[in-house]
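**Q** Following this message is one structure expressed as structure tokens.
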Amino acid sequence: MNGNGKGGPKVEFEHVGTSREVDFHASDEDTLQQLWDKAVELLKEPRGPEDRLQSFKGTDLMPHLSLTLKQLKDQKIIDARKFQIVGPTGGA
Amino acid sequence: MDAPTPVQDISAGQQAFERDLEKALKGRSPEELGWAIPDSLTLLVPLWGEKTSGDRDFYLLRLYFDHYPAFPPSARFVNPATLEYRYPEDKSWVPNSPGHGEIQFHTNYSSGRGHADTQLICCSQTLEFYTVNHSVEEQHLWNPAKHNFMSTLSAIRRLMVPPYYQGRAET
């Protein structure tokens with residue numbers, strides 16, 4: 001990650017399967033992948049091979065993992081710094 | 001493989017719903033989230049469908065926990081005035097969100113296996129997915145050790161945002 005994020009924006013991650021949450025300060029230049037990695041480390045929940053990241057509103061964020069927090073906001077992909085880690089589903 | 005057959009267990013459903021509701025609320029009240037709990041097995045959740053234009057439509061999702069936690073909650077969009085769903089008069093209370101590979105909303109699904117036509121939120125995180133004997137890959141099966149009703153809500157929310165949400169169902 002880019003620095004320790006002290007004083008930067010707070011981000012929140014929820015592991016939906018366990019309802020556990022973590023929050024921490026990040027840097028606007030951190031990528032979503034970096035933030036997800038940090039959240040998994042703090043949550044101490046094993047990452048499933050098909051786990052995915054989405055916004056609380058439901059937007060699929062997997063195509064945007066290389067974007068920084070600032071880019072996600074500037075491109076209006078997210079409107080809050082709250083993310084959900086969700087497992088795989090089948091259907092349709 | 002075919003989905004396993006659900007077994008109703010009201011007592012287990014009430015207990016697990018109460019337990020998981022407390023986890024989901026994280027100290028907040030249901031009212032703070034806009035949720036309503038009309039009885040010990042039912043959760044009503046308001047949802048908004050948001051189009052690419054930013055226009056939004058209101059929906060009401062009813063979760064019912066009579067097979068929970070061994071199976072996911074029943075999930076249906078309902079008419080907010082009646083809290084029921086009747087086809088075809090209530091079809092506009094179901095979102096039209098085509099094109100997702102893992103979940104789909106049907107206003108009047110027929111399994112062709114002797115089950116009555118019904119609304120179906122076709123996703124392994126809803127009870128109806130199992131009652132219509134939908135085919136499913138093993139890794140997508142509901143697992144009460146890994147899933148709870150928030151998994152159901154998260155899956156449904158994927159279709160309430162761009163690029164999937166198109167408006168109200170018309171057919």
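Every chain in the structure tokens has a letter given in the order shown (A, B, ...), and although residue numbers restart at 1 in each chain, ligands are simply numbered from 1 in the order shown.
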Write out as JSON lines the residues of chain B that have any atom within 10 Å of an atom of chain A, one row each with the nearest atom pair and its distance in Å to one decimal, counting only C-alpha atoms, sorted by chain and then rising number.

**A**
```
{"residue": "B:Asp20", "atom": "CA", "partner": "A:Ser19", "partner_atom": "CA", "distance": 8.6}
{"residue": "B:Lys23", "atom": "CA", "partner": "A:Ser19", "partner_atom": "CA", "distance": 6.3}
{"residue": "B:Ala24", "atom": "CA", "partner": "A:Ser19", "partner_atom": "CA", "distance": 6.4}
{"residue": "B:Leu25", "atom": "CA", "partner": "A:Ser19", "partner_atom": "CA", "distance": 9.5}
{"residue": "B:Lys26", "atom": "CA", "partner": "A:Ser19", "partner_atom": "CA", "distance": 8.8}
{"residue": "B:Leu47", "atom": "CA", "partner": "A:Lys57", "partner_atom": "CA", "distance": 9.6}
{"residue": "B:Trp48", "atom": "CA", "partner": "A:Lys57", "partner_atom": "CA", "distance": 9.2}
{"residue": "B:Gly49", "atom": "CA", "partner": "A:Lys57", "partner_atom": "CA", "distance": 9.8}
{"residue": "B:Glu50", "atom": "CA", "partner": "A:Lys57", "partner_atom": "CA", "distance": 9.5}
{"residue": "B:Pro98", "atom": "CA", "partner": "A:Ala92", "partner_atom": "CA", "distance": 9.4}
{"residue": "B:Gly99", "atom": "CA", "partner": "A:Ala92", "partner_atom": "CA", "distance": 8.9}
{"residue": "B:His100", "atom": "CA", "partner": "A:Ala92", "partner_atom": "CA", "distance": 7.2}
{"residue": "B:Gly101", "atom": "CA", "partner": "A:Ala92", "partner_atom": "CA", "distance": 6.0}
{"residue": "B:Glu102", "atom": "CA", "partner": "A:Gly91", "partner_atom": "CA", "distance": 4.8}
{"residue": "B:Ile103", "atom": "CA", "partner": "A:Ala92", "partner_atom": "CA", "distance": 4.4}
{"residue": "B:Gln104", "atom": "CA", "partner": "A:Ala92", "partner_atom": "CA", "distance": 4.6}
{"residue": "B:Phe105", "atom": "CA", "partner": "A:Ala92", "partner_atom": "CA", "distance": 7.9}
{"residue": "B:His106", "atom": "CA", "partner": "A:Ala92", "partner_atom": "CA", "distance": 9.2}
{"residue": "B:Leu120", "atom": "CA", "partner": "A:Ala92", "partner_atom": "CA", "distance": 9.8}
{"residue": "B:Ile121", "atom": "CA", "partner": "A:Ala92", "partner_atom": "CA", "distance": 8.3}
{"residue": "B:Cys122", "atom": "CA", "partner": "A:Ala92", "partner_atom": "CA", "distance": 5.2}
{"residue": "B:Cys123", "atom": "CA", "partner": "A:Gly91", "partner_atom": "CA", "distance": 4.2}
{"residue": "B:Ser124", "atom": "CA", "partner": "A:Gly90", "partner_atom": "CA", "distance": 5.2}
{"residue": "B:Gln125", "atom": "CA", "partner": "A:Thr89", "partner_atom": "CA", "distance": 6.9}
{"residue": "B:Thr126", "atom": "CA", "partner": "A:Gly91", "partner_atom": "CA", "distance": 9.8}
{"residue": "B:Phe129", "atom": "CA", "partner": "A:Gly91", "partner_atom": "CA", "distance": 7.6}
{"residue": "B:His134", "atom": "CA", "partner": "A:Gly91", "partner_atom": "CA", "distance": 7.8}
{"residue": "B:Ser135", "atom": "CA", "partner": "A:Gly91", "partner_atom": "CA", "distance": 8.1}
{"residue": "B:Val136", "atom": "CA", "partner": "A:Gly90", "partner_atom": "CA", "distance": 6.5}
{"residue": "B:Glu137", "atom": "CA", "partner": "A:Gly90", "partner_atom": "CA", "distance": 7.1}
{"residue": "B:Glu138", "atom": "CA", "partner": "A:Gly90", "partner_atom": "CA", "distance": 9.3}
{"residue": "B:Gln139", "atom": "CA", "partner": "A:Pro88", "partner_atom": "CA", "distance": 7.8}
{"residue": "B:His140", "atom": "CA", "partner": "A:Thr89", "partner_atom": "CA", "distance": 5.0}
{"residue": "B:Leu141", "atom": "CA", "partner": "A:Thr89", "partner_atom": "CA", "distance": 7.7}
{"residue": "B:Trp142", "atom": "CA", "partner": "A:Thr89", "partner_atom": "CA", "distance": 8.5}
{"residue": "B:Asn143", "atom": "CA", "partner": "A:Gly17", "partner_atom": "CA", "distance": 9.7}
{"residue": "B:Pro144", "atom": "CA", "partner": "A:Gly17", "partner_atom": "CA", "distance": 9.1}
{"residue": "B:Ala145", "atom": "CA", "partner": "A:Gly17", "partner_atom": "CA", "distance": 8.1}
{"residue": "B:Lys146", "atom": "CA", "partner": "A:Gly17", "partner_atom": "CA", "distance": 5.0}
{"residue": "B:His147", "atom": "CA", "partner": "A:Gly17", "partner_atom": "CA", "distance": 4.8}
{"residue": "B:Asn148", "atom": "CA", "partner": "A:Gly17", "partner_atom": "CA", "distance": 6.3}
{"residue": "B:Phe149", "atom": "CA", "partner": "A:Gly17", "partner_atom": "CA", "distance": 9.0}
{"residue": "B:Met150", "atom": "CA", "partner": "A:Val16", "partner_atom": "CA", "distance": 6.3}
{"residue": "B:Ser151", "atom": "CA", "partner": "A:Val16", "partner_atom": "CA", "distance": 6.0}
{"residue": "B:Thr152", "atom": "CA", "partner": "A:Thr89", "partner_atom": "CA", "distance": 9.5}
{"residue": "B:Leu153", "atom": "CA", "partner": "A:Gly58", "partner_atom": "CA", "distance": 9.1}
{"residue": "B:Ser154", "atom": "CA", "partner": "A:Gly58", "partner_atom": "CA", "distance": 6.4}
{"residue": "B:Ala155", "atom": "CA", "partner": "A:Gly58", "partner_atom": "CA", "distance": 7.6}
{"residue": "B:Ile156", "atom": "CA", "partner": "A:Gly58", "partner_atom": "CA", "distance": 7.9}
{"residue": "B:Arg157", "atom": "CA", "partner": "A:Gly58", "partner_atom": "CA", "distance": 4.6}
{"residue": "B:Arg158", "atom": "CA", "partner": "A:Gly58", "partner_atom": "CA", "distance": 4.3}
{"residue": "B:Leu159", "atom": "CA", "partner": "A:Gly58", "partner_atom": "CA", "distance": 7.3}
{"residue": "B:Met160", "atom": "CA", "partner": "A:Gly58", "partner_atom": "CA", "distance": 7.0}
{"residue": "B:Val161", "atom": "CA", "partner": "A:Thr59", "partner_atom": "CA", "distance": 6.3}
{"residue": "B:Pro162", "atom": "CA", "partner": "A:Thr59", "partner_atom": "CA", "distance": 7.4}
{"residue": "B:Pro163", "atom": "CA", "partner": "A:Thr59", "partner_atom": "CA", "distance": 8.9}
{"residue": "B:Tyr164", "atom": "CA", "partner": "A:Thr59", "partner_atom": "CA", "distance": 9.7}
```

**Q** So which bits of chain A end up strand (DSSP E or B) when you DSSP the backbone, as a list in words?

**A**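 Written out, the strand (DSSP E or B) residues of chain A are Lys10, Val11, Glu12, Phe13, Glu14, His15, Arg20, Glu21, Val22, Asp23, Phe24, His25, Thr31, Arg52, Leu53, Gln54, Ser55, Asp60, Thr68, Lys82, Phe83, Gln84, Ile85, Val86 and Gly91 of chain A.
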
**Q** Extract, using only C-alpha atoms, all DNA, RNA and protein residues at most 10 Å from Glu29 in chain A, discarding same-chain residues fewer than 2 positions from it, and format them as an MDAnalysis selection string.

**A** chainID A and resid 1:3 5 8 26:27 31:32 34 67:71

**Q** Please report, as number ranges by chain, each residue of range 32-81 of chain A to which DSSP assigns alpha helix (DSSP H) when run on this structure's backbone.

**A** A: 32-43, 69-74

**Q** Compile the contact shell of Phe77 in chain B as a ChimeraX atom specification: residues with an atom at most 8 Å away, counting only C-alpha atoms, same-chain residues fewer than 6 positions apart removed.

**A** /B:59-62,85,93-94

**Q** Those selected residues, please, written with C-alpha atoms and delivered as a short mmCIF file (atom, residue, chain, number, x, y, z; two decimals), in the first residue's frame.

**A**
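New file out06.cif:
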```cif
data_model
loop_
_atom_site.label_atom_id
_atom_site.label_comp_id
_atom_site.auth_asym_id
_atom_site.auth_seq_id
_atom_site.Cartn_x
_atom_site.Cartn_y
_atom_site.Cartn_z
CA TYR B 59 -39.28 -2.02 -4.60
CA LEU B 60 -40.14 -4.05 -1.55
CA LEU B 61 -38.48 -7.40 -0.95
CA ARG B 62 -40.05 -9.93 1.40
CA TYR B 85 -47.41 -10.93 -5.24
CA TRP B 93 -43.25 -4.58 -8.68
CA VAL B 94 -40.50 -6.89 -9.96
#
```

**Q** Please report the interatomic distance between CA of Pro30 in chain B and CA of Glu128 in chain B in Å with one decimal.

**A**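 Atom-to-atom, CA of Pro30 in chain B and CA of Glu128 in chain B are spaced 24.8 Å apart.
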
**Q** Between CA of Ala80 in chain A and CA of Ala75 in chain B, what is the distance, to one decimal in Å?

**A**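 One can read the CA of Ala80 in chain A to CA of Ala75 in chain B distance as 26.7 Å.
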
**Q** Which value, in Å to one decimal, gives the distance between CA of Pro72 in chain B and CA of Leu127 in chain B?

**A**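 These atoms are spaced 5.0 Å apart.
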